[in-house]
>>> print(open('model-v6.pdb').read())   # PDB, C-alpha atoms
MODEL        1
ATOM      1  CA  MET N  21      -7.678 -33.614 -40.101
ATOM      2  CA  GLU N  22      -6.560 -31.438 -37.208
ATOM      3  CA  LYS N  23      -7.020 -34.318 -34.746
ATOM      4  CA  LYS N  24      -5.084 -36.715 -36.997
ATOM      5  CA  VAL N  25      -2.264 -34.203 -37.381
ATOM      6  CA  ASP N  26      -2.150 -33.720 -33.599
ATOM      7  CA  VAL N  27      -1.911 -37.493 -33.030
ATOM      8  CA  THR N  28       0.773 -37.756 -35.740
ATOM      9  CA  SER N  29       2.786 -34.997 -34.105
ATOM     10  CA  LYS N  30       2.669 -36.679 -30.669
ATOM     11  CA  ALA N  31       3.575 -40.049 -32.206
ATOM     12  CA  VAL N  32       6.610 -38.659 -34.052
ATOM     13  CA  VAL N  33       7.934 -36.820 -30.978
ATOM     14  CA  GLU N  34       7.669 -39.838 -28.664
ATOM     15  CA  VAL N  35       8.990 -42.335 -31.230
ATOM     16  CA  LEU N  36      12.027 -40.092 -31.750
ATOM     17  CA  ALA N  37      12.739 -39.977 -28.020
ATOM     18  CA  ARG N  38      12.291 -43.730 -27.586
ATOM     19  CA  THR N  39      14.483 -44.497 -30.606
ATOM     20  CA  ILE N  40      17.331 -42.466 -29.130
ATOM     21  CA  GLU N  41      16.896 -44.323 -25.822
ATOM     22  CA  TYR N  42      16.969 -47.630 -27.725
ATOM     23  CA  LEU N  43      20.244 -46.734 -29.450
ATOM     24  CA  GLN N  44      21.812 -45.074 -26.388
ATOM     25  CA  PRO N  45      20.213 -46.664 -23.302
ATOM     26  CA  ASN N  46      22.452 -45.134 -20.628
ATOM     27  CA  PRO N  47      20.971 -41.728 -19.623
ATOM     28  CA  ALA N  48      24.186 -40.617 -17.918
ATOM     29  CA  SER N  49      26.230 -41.379 -21.039
ATOM     30  CA  ARG N  50      23.643 -39.588 -23.200
ATOM     31  CA  ALA N  51      23.863 -36.491 -20.992
ATOM     32  CA  LYS N  52      27.659 -36.600 -21.028
ATOM     33  CA  LEU N  53      27.723 -37.047 -24.818
ATOM     34  CA  THR N  54      25.394 -34.058 -25.236
ATOM     35  CA  MET N  55      27.686 -31.978 -23.046
ATOM     36  CA  LEU N  56      30.796 -33.088 -24.969
ATOM     37  CA  ASN N  57      29.138 -32.258 -28.291
ATOM     38  CA  THR N  58      28.230 -28.813 -26.944
ATOM     39  CA  VAL N  59      31.806 -28.212 -25.814
ATOM     40  CA  SER N  60      33.111 -29.408 -29.203
ATOM     41  CA  LYS N  61      30.875 -26.910 -30.985
ATOM     42  CA  ILE N  62      32.024 -24.111 -28.668
ATOM     43  CA  ARG N  63      35.680 -24.973 -29.335
ATOM     44  CA  GLY N  64      35.140 -25.440 -33.069
ATOM     45  CA  GLN N  65      36.132 -29.102 -33.066
ATOM     46  CA  VAL N  66      34.946 -31.029 -36.118
ATOM     47  CA  LYS N  67      35.087 -34.568 -34.700
ATOM     48  CA  ASN N  68      32.700 -35.279 -31.856
ATOM     49  CA  PRO N  69      33.150 -38.179 -29.410
ATOM     50  CA  GLY N  70      30.850 -41.150 -29.989
ATOM     51  CA  TYR N  71      28.529 -42.922 -27.589
ATOM     52  CA  PRO N  72      30.443 -45.448 -25.413
ATOM     53  CA  GLN N  73      28.861 -48.737 -26.493
ATOM     54  CA  SER N  74      28.527 -51.254 -23.654
ATOM     55  CA  GLU N  75      29.924 -53.992 -25.928
ATOM     56  CA  GLY N  76      33.065 -51.937 -26.478
ATOM     57  CA  LEU N  77      33.548 -51.309 -22.735
ATOM     58  CA  LEU N  78      33.107 -55.027 -22.032
ATOM     59  CA  GLY N  79      35.570 -55.888 -24.803
ATOM     60  CA  GLU N  80      38.248 -53.545 -23.448
ATOM     61  CA  CYS N  81      37.835 -55.063 -19.981
ATOM     62  CA  MET N  82      38.212 -58.611 -21.336
ATOM     63  CA  ILE N  83      41.285 -57.746 -23.412
ATOM     64  CA  ARG N  84      42.986 -56.008 -20.489
ATOM     65  CA  HIS N  85      42.562 -58.963 -18.145
ATOM     66  CA  GLY N  86      43.346 -61.464 -20.897
ATOM     67  CA  LYS N  87      46.723 -59.810 -21.419
ATOM     68  CA  GLU N  88      47.366 -59.832 -17.670
ATOM     69  CA  LEU N  89      46.705 -63.591 -17.486
ATOM     70  CA  GLY N  90      49.144 -64.203 -20.339
ATOM     71  CA  GLY N  91      49.354 -66.664 -23.222
ATOM     72  CA  GLU N  92      49.814 -69.720 -20.998
ATOM     73  CA  SER N  93      46.308 -69.316 -19.561
ATOM     74  CA  ASN N  94      43.367 -70.899 -21.377
ATOM     75  CA  PHE N  95      41.040 -68.391 -19.753
ATOM     76  CA  GLY N  96      43.309 -65.498 -20.747
ATOM     77  CA  ASP N  97      43.357 -66.555 -24.408
ATOM     78  CA  ALA N  98      39.583 -67.001 -24.381
ATOM     79  CA  LEU N  99      39.137 -63.525 -22.867
ATOM     80  CA  LEU N 100      41.242 -62.064 -25.675
ATOM     81  CA  ASP N 101      39.072 -63.783 -28.295
ATOM     82  CA  ALA N 102      35.856 -62.649 -26.608
ATOM     83  CA  GLY N 103      37.152 -59.107 -26.126
ATOM     84  CA  GLU N 104      37.988 -58.699 -29.806
ATOM     85  CA  SER N 105      34.524 -59.978 -30.731
ATOM     86  CA  MET N 106      32.882 -57.542 -28.305
ATOM     87  CA  LYS N 107      34.799 -54.659 -29.883
ATOM     88  CA  CYS N 108      33.588 -55.809 -33.313
ATOM     89  CA  LEU N 109      30.034 -55.811 -31.967
ATOM     90  CA  ALA N 110      30.552 -52.243 -30.741
ATOM     91  CA  GLU N 111      31.679 -51.178 -34.229
ATOM     92  CA  VAL N 112      28.591 -52.801 -35.749
ATOM     93  CA  LYS N 113      26.442 -50.999 -33.156
ATOM     94  CA  ASP N 114      28.085 -47.693 -34.106
ATOM     95  CA  ALA N 115      27.190 -48.393 -37.743
ATOM     96  CA  LEU N 116      23.589 -49.063 -36.662
ATOM     97  CA  ASP N 117      23.496 -45.721 -34.819
ATOM     98  CA  ILE N 118      24.716 -43.850 -37.900
ATOM     99  CA  GLU N 119      22.333 -45.652 -40.270
ATOM    100  CA  VAL N 120      19.281 -45.100 -38.053
ATOM    101  CA  LYS N 121      20.166 -41.459 -37.477
ATOM    102  CA  GLN N 122      20.529 -40.710 -41.202
ATOM    103  CA  ASN N 123      17.516 -42.647 -42.488
ATOM    104  CA  PHE N 124      15.051 -42.531 -39.600
ATOM    105  CA  ILE N 125      15.791 -39.997 -36.866
ATOM    106  CA  ASP N 126      16.864 -37.083 -39.093
ATOM    107  CA  PRO N 127      13.858 -37.361 -41.497
ATOM    108  CA  LEU N 128      11.400 -37.529 -38.577
ATOM    109  CA  GLN N 129      13.152 -34.623 -36.882
ATOM    110  CA  ASN N 130      12.867 -32.649 -40.117
ATOM    111  CA  LEU N 131       9.142 -33.495 -40.204
ATOM    112  CA  CYS N 132       8.782 -32.047 -36.694
ATOM    113  CA  ASP N 133      10.883 -28.954 -37.339
ATOM    114  CA  LYS N 134       9.422 -28.113 -40.748
ATOM    115  CA  ASP N 135       6.089 -29.641 -41.820
ATOM    116  CA  LEU N 136       4.397 -30.034 -38.434
ATOM    117  CA  LYS N 137       5.702 -26.679 -37.254
ATOM    118  CA  GLU N 138       4.401 -25.044 -40.422
ATOM    119  CA  ILE N 139       0.950 -26.611 -39.924
ATOM    120  CA  GLN N 140       0.851 -25.316 -36.345
ATOM    121  CA  HIS N 141       1.688 -21.849 -37.668
ATOM    122  CA  HIS N 142      -1.173 -21.989 -40.190
ATOM    123  CA  LEU N 143      -3.628 -23.231 -37.538
ATOM    124  CA  LYS N 144      -2.609 -20.476 -35.142
ATOM    125  CA  LYS N 145      -3.032 -17.888 -37.870
ATOM    126  CA  LEU N 146      -6.417 -19.394 -38.777
ATOM    127  CA  GLU N 147      -7.570 -19.164 -35.170
ATOM    128  CA  GLY N 148      -6.568 -15.504 -34.990
ATOM    129  CA  ARG N 149      -8.451 -14.652 -38.189
ATOM    130  CA  ARG N 150     -11.499 -16.610 -37.001
ATOM    131  CA  LEU N 151     -11.630 -14.590 -33.797
ATOM    132  CA  ASP N 152     -11.226 -11.385 -35.804
ATOM    133  CA  PHE N 153     -14.069 -12.359 -38.153
ATOM    134  CA  ASP N 154     -16.365 -13.375 -35.266
ATOM    135  CA  TYR N 155     -15.729 -10.071 -33.513
ATOM    136  CA  LYS N 156     -16.474  -8.016 -36.624
ATOM    137  CA  LYS N 157     -19.518 -10.138 -37.450
ATOM    138  CA  LYS N 158     -21.004  -9.322 -34.049
ATOM    139  CA  ARG N 159     -20.494  -5.643 -34.832
ATOM    140  CA  GLN N 160     -22.172  -5.908 -38.214
ATOM    141  CA  GLY N 161     -23.971  -2.668 -38.958
ATOM    142  CA  LYS N 162     -21.584  -0.714 -36.753
ATOM    143  CA  ILE N 163     -18.568  -1.245 -39.022
ATOM    144  CA  PRO N 164     -18.289  -0.925 -42.813
ATOM    145  CA  ASP N 165     -19.401  -3.979 -44.783
ATOM    146  CA  GLU N 166     -16.101  -3.903 -46.679
ATOM    147  CA  GLU N 167     -14.182  -4.460 -43.442
ATOM    148  CA  LEU N 168     -16.374  -7.445 -42.618
ATOM    149  CA  ARG N 169     -15.925  -8.830 -46.127
ATOM    150  CA  GLN N 170     -12.130  -8.549 -45.901
ATOM    151  CA  ALA N 171     -12.130 -10.345 -42.525
ATOM    152  CA  LEU N 172     -14.178 -13.177 -44.042
ATOM    153  CA  GLU N 173     -11.842 -13.446 -47.041
ATOM    154  CA  LYS N 174      -8.788 -13.640 -44.801
ATOM    155  CA  PHE N 175     -10.444 -16.308 -42.671
ATOM    156  CA  GLU N 176     -11.363 -18.387 -45.750
ATOM    157  CA  GLU N 177      -7.847 -17.965 -47.142
ATOM    158  CA  SER N 178      -6.201 -19.157 -43.911
ATOM    159  CA  LYS N 179      -8.674 -22.033 -43.644
ATOM    160  CA  GLU N 180      -7.789 -23.222 -47.145
ATOM    161  CA  VAL N 181      -4.032 -22.962 -46.520
ATOM    162  CA  ALA N 182      -4.276 -24.870 -43.213
ATOM    163  CA  GLU N 183      -6.472 -27.592 -44.719
ATOM    164  CA  THR N 184      -4.170 -27.993 -47.711
ATOM    165  CA  SER N 185      -1.052 -28.353 -45.529
ATOM    166  CA  MET N 186      -2.755 -30.928 -43.265
ATOM    167  CA  HIS N 187      -4.108 -32.839 -46.266
ATOM    168  CA  ASN N 188      -0.669 -32.989 -47.896
ATOM    169  CA  LEU N 189       0.884 -34.312 -44.683
ATOM    170  CA  LEU N 190      -1.731 -37.017 -44.165
ATOM    171  CA  GLU N 191      -1.722 -38.082 -47.813
ATOM    172  CA  THR N 192       2.069 -38.482 -47.935
ATOM    173  CA  ASP N 193       2.407 -40.484 -44.709
ATOM    174  CA  ILE N 194       3.835 -43.313 -46.835
ATOM    175  CA  GLU N 195       7.129 -41.429 -46.429
ATOM    176  CA  GLN N 196       7.032 -42.209 -42.698
ATOM    177  CA  VAL N 197       6.386 -45.867 -43.573
ATOM    178  CA  SER N 198       9.500 -45.781 -45.767
ATOM    179  CA  GLN N 199      11.526 -44.300 -42.901
ATOM    180  CA  LEU N 200      10.228 -46.973 -40.533
ATOM    181  CA  SER N 201      11.250 -49.603 -43.082
ATOM    182  CA  ALA N 202      14.773 -48.113 -43.110
ATOM    183  CA  LEU N 203      14.911 -48.505 -39.321
ATOM    184  CA  VAL N 204      13.967 -52.183 -39.551
ATOM    185  CA  ASP N 205      16.465 -52.796 -42.384
ATOM    186  CA  ALA N 206      19.243 -51.258 -40.271
ATOM    187  CA  GLN N 207      18.284 -53.461 -37.314
ATOM    188  CA  LEU N 208      18.259 -56.564 -39.508
ATOM    189  CA  GLU N 209      21.731 -55.793 -40.861
ATOM    190  CA  TYR N 210      23.028 -55.192 -37.338
ATOM    191  CA  HIS N 211      21.654 -58.505 -36.065
ATOM    192  CA  ARG N 212      22.993 -60.407 -39.117
ATOM    193  CA  GLN N 213      26.494 -59.103 -38.483
ATOM    194  CA  ALA N 214      26.145 -59.661 -34.730
ATOM    195  CA  VAL N 215      25.106 -63.299 -35.293
ATOM    196  CA  GLN N 216      28.080 -63.824 -37.618
ATOM    197  CA  ILE N 217      30.529 -62.362 -35.062
ATOM    198  CA  LEU N 218      29.086 -64.410 -32.201
ATOM    199  CA  ASP N 219      29.019 -67.612 -34.292
ATOM    200  CA  GLU N 220      32.739 -67.189 -35.022
ATOM    201  CA  LEU N 221      33.451 -66.515 -31.341
ATOM    202  CA  ALA N 222      31.463 -69.574 -30.237
ATOM    203  CA  SER N 223      33.423 -71.755 -32.704
ATOM    204  CA  LYS N 224      36.750 -70.421 -31.377
ATOM    205  CA  LEU N 225      35.799 -71.096 -27.765
ATOM    206  CA  LYS N 226      34.584 -74.644 -28.528
ATOM    207  CA  ARG N 227      37.812 -75.312 -30.428
ATOM    208  CA  ARG N 228      39.818 -74.108 -27.432
ATOM    209  CA  MET N 229      37.829 -76.429 -25.137
ATOM    210  CA  ARG N 230      38.514 -79.416 -27.421
ATOM    211  CA  ASP N 231      42.219 -78.585 -27.627
ATOM    212  CA  ALA N 232      42.474 -78.165 -23.869
ATOM    213  CA  SER N 233      40.715 -81.481 -23.179
ATOM    214  CA  SER N 234      43.010 -83.358 -25.597
ATOM    215  CA  ARG N 235      46.216 -82.074 -23.992
ATOM    216  CA  PRO N 236      47.683 -84.120 -21.114
ATOM    217  CA  LYS N 237      47.285 -82.531 -17.730
ATOM    218  CA  ARG N 238      50.401 -81.176 -16.097
ATOM    219  CA  GLU N 239      51.108 -82.462 -12.615
ATOM    220  CA  TYR N 240      52.161 -80.092  -9.911
ATOM    221  CA  LYS N 241      55.566 -80.913  -8.464
ATOM    222  CA  PRO N 242      56.425 -78.869  -5.402
ATOM    223  CA  LYS N 243      60.004 -77.711  -4.981
ATOM    224  CA  PRO N 244      62.094 -79.617  -2.405
ATOM    225  CA  ARG N 245      62.186 -77.912   0.940
ATOM    226  CA  GLU N 246      65.392 -76.206   1.952
ATOM    227  CA  THR N 247      67.089 -77.156   5.229
ATOM    228  CA  PHE N 248      67.936 -74.412   7.657
ATOM    229  CA  ASP N 249      70.746 -74.476  10.199
ATOM    230  CA  LEU N 250      69.163 -73.283  13.417
ATOM    231  CA  GLY N 251      72.520 -73.035  15.171
ATOM    232  CA  GLU N 252      73.279 -73.914  18.789
ATOM    233  CA  PRO N 253      70.345 -74.332  21.179
ATOM    234  CA  GLU N 254      71.561 -71.571  23.488
ATOM    235  CA  GLN N 255      71.380 -68.979  20.728
ATOM    236  CA  SER N 256      67.928 -67.497  20.327
ATOM    237  CA  ASN N 257      68.536 -65.367  17.233
ATOM    238  CA  GLY N 258      68.592 -68.072  14.543
ATOM    239  CA  GLY N 259      72.244 -69.043  14.904
ATOM    240  CA  PHE N 260      73.737 -65.628  14.285
ATOM    241  CA  PRO N 261      76.169 -64.292  16.905
ATOM    242  CA  CYS N 262      75.091 -61.193  18.762
ATOM    243  CA  ALA N 263      77.245 -58.136  18.324
ATOM    244  CA  PRO N 264      77.743 -55.992  21.405
ATOM    245  CA  ALA N 265      75.534 -52.929  21.474
ATOM    246  CA  PRO N 266      77.435 -49.695  20.944
ATOM    247  CA  LYS N 267      77.718 -47.389  23.895
ATOM    248  CA  ILE N 268      75.714 -44.224  23.698
ATOM    249  CA  THR N 269      77.444 -41.127  24.950
ATOM    250  CA  ALA N 270      75.779 -37.937  26.012
ATOM    251  CA  ALA N 271      77.205 -36.122  23.028
ATOM    252  CA  SER N 272      75.853 -38.649  20.544
ATOM    253  CA  SER N 273      72.442 -39.006  22.208
ATOM    254  CA  SER N 274      71.442 -35.388  21.744
ATOM    255  CA  PHE N 275      70.084 -34.270  18.364
ATOM    256  CA  ARG N 276      71.386 -31.182  16.688
ATOM    257  CA  SER N 277      68.858 -28.831  15.194
ATOM    258  CA  SER N 278      69.986 -29.834  11.691
ATOM    259  CA  ASP N 279      69.381 -33.538  12.439
ATOM    260  CA  LYS N 280      65.647 -33.145  13.165
ATOM    261  CA  PRO N 281      63.379 -34.893  10.616
ATOM    262  CA  VAL N 282      61.808 -32.549   8.108
ATOM    263  CA  ARG N 283      58.028 -32.774   7.935
ATOM    264  CA  THR N 284      56.593 -32.958   4.436
ATOM    265  CA  PRO N 285      54.444 -29.882   3.885
ATOM    266  CA  SER N 286      50.789 -30.624   3.206
ATOM    267  CA  ARG N 287      49.074 -29.463   0.047
ATOM    268  CA  SER N 288      48.643 -25.724   0.389
ATOM    269  CA  MET N 289      45.310 -24.137  -0.369
ATOM    270  CA  PRO N 290      45.426 -21.072  -2.603
ATOM    271  CA  PRO N 291      43.650 -17.929  -1.408
ATOM    272  CA  LEU N 292      39.929 -18.257  -2.088
ATOM    273  CA  ASP N 293      39.569 -14.881  -3.798
ATOM    274  CA  GLN N 294      38.304 -16.372  -7.058
ATOM    275  CA  PRO N 295      35.728 -19.018  -8.052
ATOM    276  CA  SER N 296      37.083 -22.394  -6.983
ATOM    277  CA  CYS N 297      36.169 -25.867  -5.780
ATOM    278  CA  LYS N 298      37.743 -28.739  -3.859
ATOM    279  CA  ALA N 299      38.023 -32.272  -5.283
ATOM    280  CA  LEU N 300      36.156 -34.833  -3.172
ATOM    281  CA  TYR N 301      37.397 -37.837  -5.179
ATOM    282  CA  ASP N 302      40.001 -38.713  -7.799
ATOM    283  CA  PHE N 303      38.796 -38.112 -11.379
ATOM    284  CA  GLU N 304      40.500 -39.861 -14.297
ATOM    285  CA  PRO N 305      39.752 -38.185 -17.664
ATOM    286  CA  GLU N 306      38.244 -40.522 -20.277
ATOM    287  CA  ASN N 307      37.838 -38.090 -23.186
ATOM    288  CA  ASP N 308      39.807 -35.255 -24.756
ATOM    289  CA  GLY N 309      39.159 -31.980 -22.992
ATOM    290  CA  GLU N 310      38.447 -33.452 -19.547
ATOM    291  CA  LEU N 311      40.505 -32.278 -16.547
ATOM    292  CA  GLY N 312      41.934 -34.939 -14.244
ATOM    293  CA  PHE N 313      42.583 -34.324 -10.552
ATOM    294  CA  HIS N 314      43.119 -36.000  -7.180
ATOM    295  CA  GLU N 315      41.187 -35.818  -3.944
ATOM    296  CA  GLY N 316      41.930 -32.575  -2.128
ATOM    297  CA  ASP N 317      43.037 -30.581  -5.199
ATOM    298  CA  ILE N 318      41.779 -27.004  -5.363
ATOM    299  CA  ILE N 319      40.513 -26.207  -8.873
ATOM    300  CA  THR N 320      39.894 -22.723 -10.238
ATOM    301  CA  LEU N 321      36.441 -22.483 -11.832
ATOM    302  CA  THR N 322      36.230 -20.688 -15.189
ATOM    303  CA  ASN N 323      32.857 -21.674 -16.641
ATOM    304  CA  GLN N 324      29.755 -23.822 -16.045
ATOM    305  CA  ILE N 325      28.923 -25.974 -19.076
ATOM    306  CA  ASP N 326      25.540 -27.185 -17.758
ATOM    307  CA  GLU N 327      23.960 -28.282 -14.489
ATOM    308  CA  ASN N 328      26.279 -31.330 -14.271
ATOM    309  CA  TRP N 329      29.652 -30.138 -15.658
ATOM    310  CA  TYR N 330      32.122 -27.346 -14.867
ATOM    311  CA  GLU N 331      35.179 -26.074 -16.692
ATOM    312  CA  GLY N 332      38.238 -25.154 -14.658
ATOM    313  CA  MET N 333      42.034 -24.911 -14.386
ATOM    314  CA  LEU N 334      44.556 -26.901 -12.337
ATOM    315  CA  HIS N 335      48.351 -26.699 -12.570
ATOM    316  CA  GLY N 336      48.082 -24.618 -15.752
ATOM    317  CA  GLN N 337      45.815 -27.114 -17.529
ATOM    318  CA  SER N 338      42.234 -26.366 -18.504
ATOM    319  CA  GLY N 339      39.380 -28.828 -18.973
ATOM    320  CA  PHE N 340      35.928 -29.841 -17.847
ATOM    321  CA  PHE N 341      34.855 -32.205 -15.069
ATOM    322  CA  PRO N 342      31.663 -33.452 -13.350
ATOM    323  CA  LEU N 343      30.149 -31.366 -10.576
ATOM    324  CA  SER N 344      29.476 -34.478  -8.464
ATOM    325  CA  TYR N 345      33.243 -34.980  -7.914
ATOM    326  CA  VAL N 346      33.867 -31.595  -6.259
ATOM    327  CA  GLU N 347      32.659 -29.277  -3.521
ATOM    328  CA  VAL N 348      32.238 -25.667  -4.635
ATOM    329  CA  LEU N 349      34.084 -23.318  -2.277
ATOM    330  CA  VAL N 350      33.603 -20.003  -4.119
ATOM    331  CA  PRO N 351      30.795 -20.119  -6.737
ATOM    332  CA  LEU N 352      30.983 -18.529 -10.161
ATOM    333  CA  PRO N 353      29.362 -15.086 -10.377
ATOM    334  CA  GLN N 354      25.774 -15.196 -11.643
TER     335      GLN N 354
ENDMDL
END
>>> encode(input="model-v6.pdb", output="structure tokens")
Amino acid sequence: MEKKVDVTSKAVVEVLARTIEYLQPNPASRAKLTMLNTVSKIRGQVKNPGYPQSEGLLGECMIRHGKELGGESNFGDALLDAGESMKCLAEVKDALDIEVKQNFIDPLQNLCDKDLKEIQHHLKKLEGRRLDFDYKKKRQGKIPDEELRQALEKFEESKEVAETSMHNLLETDIEQVSQLSALVDAQLEYHRQAVQILDELASKLKRRMRDASSRPKREYKPKPRETFDLGEPEQSNGGFPCAPAPKITAASSSFRSSDKPVRTPSRSMPPLDQPSCKALYDFEPENDGELGFHEGDIITLTNQIDENWYEGMLHGQSGFFPLSYVEVLVPLPQ
């Protein structure tokens, strides 16, 4: 039973990890989402940002360029149709994430945190009492028989508790089958809705192709060229008369001190007497709470969220930003 429980524990842990990778394949986005959720908890925010689905990002890109091409472009209209469908796919994928988390990931995580952890506790306790009994058994005759009897009773008690907990887990593994079935049901529903969305998109695009092929083609008619009067042959400036150059006097050729061009001051660097960093690249915030900046900005460091993200202040605004975009000038105190 102990070997079966050990294999079950390893299976549950790895399946959980792989399921999360399946739902959220981008490791960088997973790390960023974990950091954002941590920051939300620290700040007491109820709503956490969701995982950026690749279908949603593709849809936003298509819609943006479709609008730029305009309604007179067949390609632009098709991009708008495809972009809306991609955003619908992203919403369906979000629903899949929620369904799988509630009916598959959370129950398996509870199995790890409660039942399997409890079994490990009983087995550890059993091992300790076995060692205690073996030690006292070797000293039989040198210690009271009552002490040896109590050690044996405790060992038998722990053995029974550990065996019962392992037996109950192995006998009720149909619950894990039910959870696996919920995962498959959620995947089926996702793919049904995805097929429906893509079927509708394919029909729209084919209809657009038929409509475009039935319309007469517009011919390109270039505008008539304009005629230019090049003037007399002796004039080399396009026919415009030359005005005499004004005479420059000594008084007008010398600059006064007030007429000198003013040089734009460069971005000043604040005194580095506090934790700070310098921006190596521009950073555009994508989520609430992120701090945007431009290359060369000096940012005051206030906190380190994790090994990849800092929190800082710039121009009176506070937020967090990735460490890879900056160079630390004065590190935070350890």
>>> resolve_selection(input="model-v6.pdb", expression="the PyMOL selection byres ((chain N and resi 313-329) around 9)", output="PyMOL selection string")
chain N and resi 51-52+55+58-59+287+289-290+294-305+311-312+330-335+338+340-346+348+350-352
>>> atom_distance(input="model-v6.pdb", atom1="atom CA of Pro353 of chain N", atom2="atom CA of Pro47 of chain N")
29.4 Å
>>> closest_residue(input="model-v6.pdb", among="N:Asp135, N:Glu34, N:Arg149, N:Arg235", to="Asn188 of chain N", atoms="all atoms listed in the file")
N:Asp135
>>> resolve_selection(input="model-v6.pdb", expression="the PyMOL selection byres ((chain N and resi 36) around 12)", output="list in words")
Ser29, Lys30, Ala31, Val32, Val33, Glu34, Val35, Ala37, Arg38, Thr39, Ile40, Glu41, Tyr42, Leu43, Val120, Lys121, Phe124, Ile125, Asp126, Pro127, Leu128, Gln129, Asn130, Leu131, Cys132, Gln199, Leu200 and Leu203 of chain N
>>> atom_distance(input="model-v6.pdb", atom1="atom CA of Ala232 of chain N", atom2="atom CA of Met106 of chain N")
23.2 Å
>>> closest_residue(input="model-v6.pdb", among="N:Ser105, N:Ser234, N:Ser178, N:Gln160", to="Gln213 of chain N", atoms="all atoms listed in the file")
N:Ser105
>>> atom_distance(input="model-v6.pdb", atom1="atom CA of Lys134 of chain N", atom2="atom CA of Lys24 of chain N")
17.3 Å
>>> closest_residue(input="model-v6.pdb", among="N:Glu111, N:Asp219, N:Glu347, N:Glu183", to="Glu22 of chain N", atoms="all atoms listed in the file")
N:Glu183
>>> resolve_selection(input="model-v6.pdb", expression="the PyMOL selection byres ((chain N and resi 84) around 12)", output="list of chain:residue names")
N:Leu77, N:Leu78, N:Gly79, N:Glu80, N:Cys81, N:Met82, N:Ile83, N:His85, N:Gly86, N:Lys87, N:Glu88, N:Leu89, N:Gly90, N:Gly96, N:Asp97, N:Leu99, N:Leu100, N:Asp101, N:Ala102, N:Gly103, N:Glu104
>>> residues_around(input="model-v6.pdb", residues="Leu172 of chain N", least_positions_apart="2", cutoff="12 Å", atoms="all atoms listed in the file", output="NGL selection string")
:N and (146 or 149-157 or 165-170 or 174-179)
>>> write_last_selection(input="model-v6.pdb", atoms="C-alpha atoms", output="mmCIF file, keeping the file's coordinate frame")
data_model
loop_
_atom_site.group_PDB
_atom_site.id
_atom_site.type_symbol
_atom_site.label_atom_id
_atom_site.label_comp_id
_atom_site.auth_asym_id
_atom_site.auth_seq_id
_atom_site.Cartn_x
_atom_site.Cartn_y
_atom_site.Cartn_z
ATOM 1 C CA LEU N 146 -6.417 -19.394 -38.777
ATOM 2 C CA ARG N 149 -8.451 -14.652 -38.189
ATOM 3 C CA ARG N 150 -11.499 -16.610 -37.001
ATOM 4 C CA LEU N 151 -11.630 -14.590 -33.797
ATOM 5 C CA ASP N 152 -11.226 -11.385 -35.804
ATOM 6 C CA PHE N 153 -14.069 -12.359 -38.153
ATOM 7 C CA ASP N 154 -16.365 -13.375 -35.266
ATOM 8 C CA TYR N 155 -15.729 -10.071 -33.513
ATOM 9 C CA LYS N 156 -16.474 -8.016 -36.624
ATOM 10 C CA LYS N 157 -19.518 -10.138 -37.450
ATOM 11 C CA ASP N 165 -19.401 -3.979 -44.783
ATOM 12 C CA GLU N 166 -16.101 -3.903 -46.679
ATOM 13 C CA GLU N 167 -14.182 -4.460 -43.442
ATOM 14 C CA LEU N 168 -16.374 -7.445 -42.618
ATOM 15 C CA ARG N 169 -15.925 -8.830 -46.127
ATOM 16 C CA GLN N 170 -12.130 -8.549 -45.901
ATOM 17 C CA LYS N 174 -8.788 -13.640 -44.801
ATOM 18 C CA PHE N 175 -10.444 -16.308 -42.671
ATOM 19 C CA GLU N 176 -11.363 -18.387 -45.750
ATOM 20 C CA GLU N 177 -7.847 -17.965 -47.142
ATOM 21 C CA SER N 178 -6.201 -19.157 -43.911
ATOM 22 C CA LYS N 179 -8.674 -22.033 -43.644
#
>>> build_atoms(input="model-v6.pdb", residues="segment 149-154 of chain N", atoms="N, CA, C and O atoms", output="PDB file, in the frame of the given file")
ATOM      1  N   ARG N 149      -7.541 -15.263 -37.207  1.00  0.00           N
ATOM      2  CA  ARG N 149      -8.451 -14.652 -38.189  1.00  0.00           C
ATOM      3  C   ARG N 149      -9.901 -15.041 -37.925  1.00  0.00           C
ATOM      4  O   ARG N 149     -10.823 -14.261 -38.223  1.00  0.00           O
ATOM      5  N   ARG N 150     -10.132 -16.222 -37.356  1.00  0.00           N
ATOM      6  CA  ARG N 150     -11.499 -16.610 -37.001  1.00  0.00           C
ATOM      7  C   ARG N 150     -12.035 -15.720 -35.891  1.00  0.00           C
ATOM      8  O   ARG N 150     -13.184 -15.256 -35.939  1.00  0.00           O
ATOM      9  N   LEU N 151     -11.217 -15.472 -34.882  1.00  0.00           N
ATOM     10  CA  LEU N 151     -11.630 -14.590 -33.797  1.00  0.00           C
ATOM     11  C   LEU N 151     -11.897 -13.176 -34.310  1.00  0.00           C
ATOM     12  O   LEU N 151     -12.863 -12.513 -33.883  1.00  0.00           O
ATOM     13  N   ASP N 152     -11.041 -12.724 -35.245  1.00  0.00           N
ATOM     14  CA  ASP N 152     -11.226 -11.385 -35.804  1.00  0.00           C
ATOM     15  C   ASP N 152     -12.537 -11.302 -36.589  1.00  0.00           C
ATOM     16  O   ASP N 152     -13.301 -10.318 -36.471  1.00  0.00           O
ATOM     17  N   PHE N 153     -12.825 -12.352 -37.370  1.00  0.00           N
ATOM     18  CA  PHE N 153     -14.069 -12.359 -38.153  1.00  0.00           C
ATOM     19  C   PHE N 153     -15.299 -12.427 -37.241  1.00  0.00           C
ATOM     20  O   PHE N 153     -16.301 -11.736 -37.464  1.00  0.00           O
ATOM     21  N   ASP N 154     -15.236 -13.279 -36.189  1.00  0.00           N
ATOM     22  CA  ASP N 154     -16.365 -13.375 -35.266  1.00  0.00           C
ATOM     23  C   ASP N 154     -16.638 -12.046 -34.575  1.00  0.00           C
ATOM     24  O   ASP N 154     -17.799 -11.636 -34.389  1.00  0.00           O
TER      25      ASP N 154
END
